Every structure is written in C-alpha cells, then in structure tokens.
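Worksheet: the structure to be examined is printed underneath.
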Amino acid sequence: MAQPLRFRRAPETWNADRVRSRIERPLDDNLGATASDPWFKPPRGYDARRFDMDDGSMALFCWTDHDDDPPAGTGGGPVGYWLGNTETPRDLWRTDKYGFDEVPYGVSRWAQRELLAGLHDDEPWLADYPHVSWYFLPVFCSKDGSETTRAFFRDHAAGFPDATRDEGAGYVERLLHSGILDPYRETMAGKLGTSASMDLVRMSATVAEFTAAKVLTDAGYGITPEIEVTTGHSLDYRAEDPATGTASLVEVTRPQPVSGRSANTPVAAVRDTAQTKTNGQLEAHAGGVTLFVDCSSFPDADWRSVREQRPDVRHKPAVVFRARPDGRVEGYSKGSVPLDLSAAIEWVG
C-alpha cells in the first residue's frame, strides 16, 4: 500500500518566482494545474499557494525564510513544506517526509483546515462527524486511498452489518471523541489503508482494533498500541491497570461472516480465524497474551449461534465479543483472563 498523506520538508530558499517555475509549471505541464491563494490564511511568517489539478488531485506549499519550530533533528533557516495527493515535483523528490504532528504546529493546523474544507466539500455528510474527519484525514486525502476509505464509512457503515452510514460513522465518532487514540493517530489511521482497491476485510479489522481500545479503556485500563515483543512481532495493545501498574498484552482478530469466507458456520469462522492468529503471532510469543475475537462483522443470526454455543477458540485466555453501533458489547471469555472487562462487556451465558 501507499502511505498516509505526509509533509515533505524542503530546507532551501523559496520565493514566489521559484515556486512558480519549479512547482507550478511542472504540475501544469504534466497534469494541468491551477495555482491560487490558499482558502485559509497561511501560518504566520509563511507565504503559501494552493494547486488544484485537472484530475481532481491537489497540493499545498508554504515557505518561510526561517523555520522557528523545525522537526526534531533538523535545523532552522529557510524552508518550504509540501503536502499533496498528486505527483511530487522533481525539486522535492529527495526531501524527507514528516507526519502532521512533526511539522510546526501552525503549518499543520493551516494544512488540515485546507484539507478538511476540501473533504467536506466532497463529502458534506462527513461534516457531522468532526472527529472521524480529522482523525482519518491522512487517509481520506491520501493519493490512493481517498475513494476507498471514504466509501468504507459512506457505503459500508464502517464495517457494521445491518447498519446505516450514520450509525457506523456515529459509533467511530463517539469512540474517537474521548481522545484515547489521538497520540497514535498516524499509526492507527494508516491501518485503515491507502490502497486504491477496496479491502473490507482489512478495513473492518482496523475498526476491530479501535473497538478493542474502547473496551479496554471503558474497563479502566490505560493502553499503548503496537507493542514490539522479543519474537519480532508487534502485538496490538498493552493494557495497564492504573491502580496496580500491572500490564497485560492483547492481540485482536476479527472473523468475517460466513457469507464472505469458506467456513460454513459462524462457529467454524470464529475457530478458524482464531487458529490463524494462534498459529502465527501468538504461537511465536509462547503465551502471556489475551486474544480478543471481535465478531462485530457478524449479522444477528451469526452472532446468536456463536453466543449460544460459546465455542473454544484454540487459545486461552480469550475474549469473544460483538459490538453494535449503539455501543452495546456482548461477549464471553475462555480461560483465566487477566483483565476485568465487566464494565465494558455484557457477559452472556
């Protein structure tokens, strides 16, 4: 996959003439570009231009004589910052890339205002979900993933079966409102994907990680995602009890409903998906990890079958659950789970 939208930093002297000759002209020659003043006031001390291409892509460029708040490991001096989901002009090819939280605050804030305005022009309904819009902005406006990621929320209810667009987006909006995952925005948003092809399985699996974060924090745990372990793998979360300092590792998997896989029953789908995870990361880790099996992709009938039979999942400890867009979570556990999740999950059976 391509990468989420990031800034390019060009530590050179820029002025209007150079921007016109080295950025605007190559873009216009190759794609047909219209250069204009930005929609919003540029950062203090910066000049800026906006470029809209005939193919619908766009870019922003701002420059200053002195970078007063340079990214870590760089110096001040004259600099330009480029951000776009279009082809990169040759003069910027060898520049380093930085995330939204790594560039000067004023540059990041200005660029995000520009991108959000464009996003809401294209998808007016997303304006009702400001946290979803902001959090996933690096993929909503990415070069290859803009159509697929927007369609995932718009047309596929963020992976929830039998749900409306607003129910799915509303669930993620409320989840993000708490800010628990704000420090990990680039990593977590990037997991949704920047591929030009729609991959509902992968995208739904990403939402499962967000749901797991909600379950853990609703239960009172502090979380840290993407924990590197000695096997060379990364596990999804470390959950820490703030009262005792005790930490537990959590890995998340999300089986797909029977209609979308070879398993012929919901119970088989749960077991097969869990076994795939167990025979990979969890087997290599040799224990000490709680497996979360998120069945939120299952329609009511599929989940009812799993809930009634409460099958083993070939790994202990494990928690099997299903979240609904209204925030309700039902589930059951297997083995001695080192986490008290009773405040977040309605236990069945």
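All residue names refer to the structure tokens as shown: chains lettered A, B, ... in order, residues numbered from 1 in each chain, ligands numbered from 1 in order.
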
Report the closest atom pair, with its distance in Å rounded to one decimal, for each residue of segment 89-206 of chain A that has an atom no farther than 8 Å from segment 53-77 of chain A; count only C-alpha atoms, sort by chain and then rising residue number, and write it as JSON lines.
```
{"residue": "A:Glu102", "atom": "CA", "partner": "A:Pro71", "partner_atom": "CA", "distance": 5.5}
{"residue": "A:Val103", "atom": "CA", "partner": "A:Pro71", "partner_atom": "CA", "distance": 5.5}
{"residue": "A:Pro104", "atom": "CA", "partner": "A:Asp69", "partner_atom": "CA", "distance": 5.3}
{"residue": "A:Val107", "atom": "CA", "partner": "A:Cys62", "partner_atom": "CA", "distance": 7.9}
{"residue": "A:Ala111", "atom": "CA", "partner": "A:Leu60", "partner_atom": "CA", "distance": 7.3}
{"residue": "A:Lys143", "atom": "CA", "partner": "A:Ser57", "partner_atom": "CA", "distance": 7.9}
```

Next, dump the selected residues to file, keeping only N, CA and C atoms, as a PDB file, in the first residue's frame.
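Saved as part-v3.pdb:
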```
ATOM      1  N   GLU A 102       4.658  16.318  13.429  1.00  0.00           N
ATOM      2  CA  GLU A 102       6.106  16.536  13.439  1.00  0.00           C
ATOM      3  C   GLU A 102       6.513  17.887  12.862  1.00  0.00           C
ATOM      4  N   VAL A 103       5.666  18.477  12.046  1.00  0.00           N
ATOM      5  CA  VAL A 103       5.981  19.776  11.451  1.00  0.00           C
ATOM      6  C   VAL A 103       5.510  20.878  12.393  1.00  0.00           C
ATOM      7  N   PRO A 104       5.918  22.129  12.166  1.00  0.00           N
ATOM      8  CA  PRO A 104       5.452  23.214  13.034  1.00  0.00           C
ATOM      9  C   PRO A 104       3.933  23.231  13.166  1.00  0.00           C
ATOM     10  N   VAL A 107       1.897  25.272  10.639  1.00  0.00           N
ATOM     11  CA  VAL A 107       1.859  24.666   9.302  1.00  0.00           C
ATOM     12  C   VAL A 107       0.840  23.531   9.278  1.00  0.00           C
ATOM     13  N   ALA A 111      -2.708  23.507   7.107  1.00  0.00           N
ATOM     14  CA  ALA A 111      -2.906  22.486   6.081  1.00  0.00           C
ATOM     15  C   ALA A 111      -4.139  21.644   6.371  1.00  0.00           C
ATOM     16  N   LYS A 143      -3.194   9.775  -1.581  1.00  0.00           N
ATOM     17  CA  LYS A 143      -3.135   9.698  -3.040  1.00  0.00           C
ATOM     18  C   LYS A 143      -3.955   8.543  -3.591  1.00  0.00           C
TER      19      LYS A 143
END
```

Q) When you draw a straight line from atom CA of Asp52 of chain A to atom CA of Ala33 of chain A, how long is it in Å? A) 5.5 Å

Q) Thr187 of chain A: which residues within 10 Å, counting only C-alpha atoms, same-chain residues fewer than 4 positions away excluded, as a PyMOL selection string? A) chain A and resi 4+181+183+191-192+225-226

Selection from above, C-alpha atoms, as a compact mmCIF listing (two decimals), in the first residue's frame, can you write it?
```
# COMPACT_ATOMS: atom_id res chain seq x y z
CA PRO A 4 -0.92 8.16 4.52
CA LEU A 181 -6.05 7.24 20.44
CA PRO A 183 -1.37 10.29 20.28
CA LYS A 191 -4.06 0.99 9.24
CA LEU A 192 -7.34 1.83 7.53
CA PRO A 225 -0.80 0.24 20.79
CA GLU A 226 1.76 -1.59 18.65
```

Q.
List as a ChimeraX atom specification the protein and nucleic acid residues near Gly179 of chain A, meaning an atom at most 12 Å away when only C-alpha atoms are counted, but skip any in the same chain fewer than 3 places from it.
A. /A:131-132,134-135,172-176,182-185,210,213-214,217,223

**Q.** Among listed residues A:Gly222, A:Pro338, A:Pro257, A:Gly118, nearest Trp39 of chain A (using only C-alpha atoms)
**A.** A:Gly118

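If you look at atom CA of Asp326 of chain A and atom CA of Ala269 of chain A, they are 24.5 Å away from each other.
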
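Proximity of A:Arg324, A:Pro42, A:Ser133, A:Gly32 to Glu87 of chain A, computed with only C-alpha atoms, is greatest for A:Gly32.
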
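Among the candidates A:Trp82, A:Arg109, A:Leu216, A:Val258, the residue lying nearest to Ser342 of chain A is A:Leu216 (atoms considered: only C-alpha atoms).
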
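What separates atom CA of Asp122 of chain A from atom CA of Lys41 of chain A is a distance of 21.2 Å.
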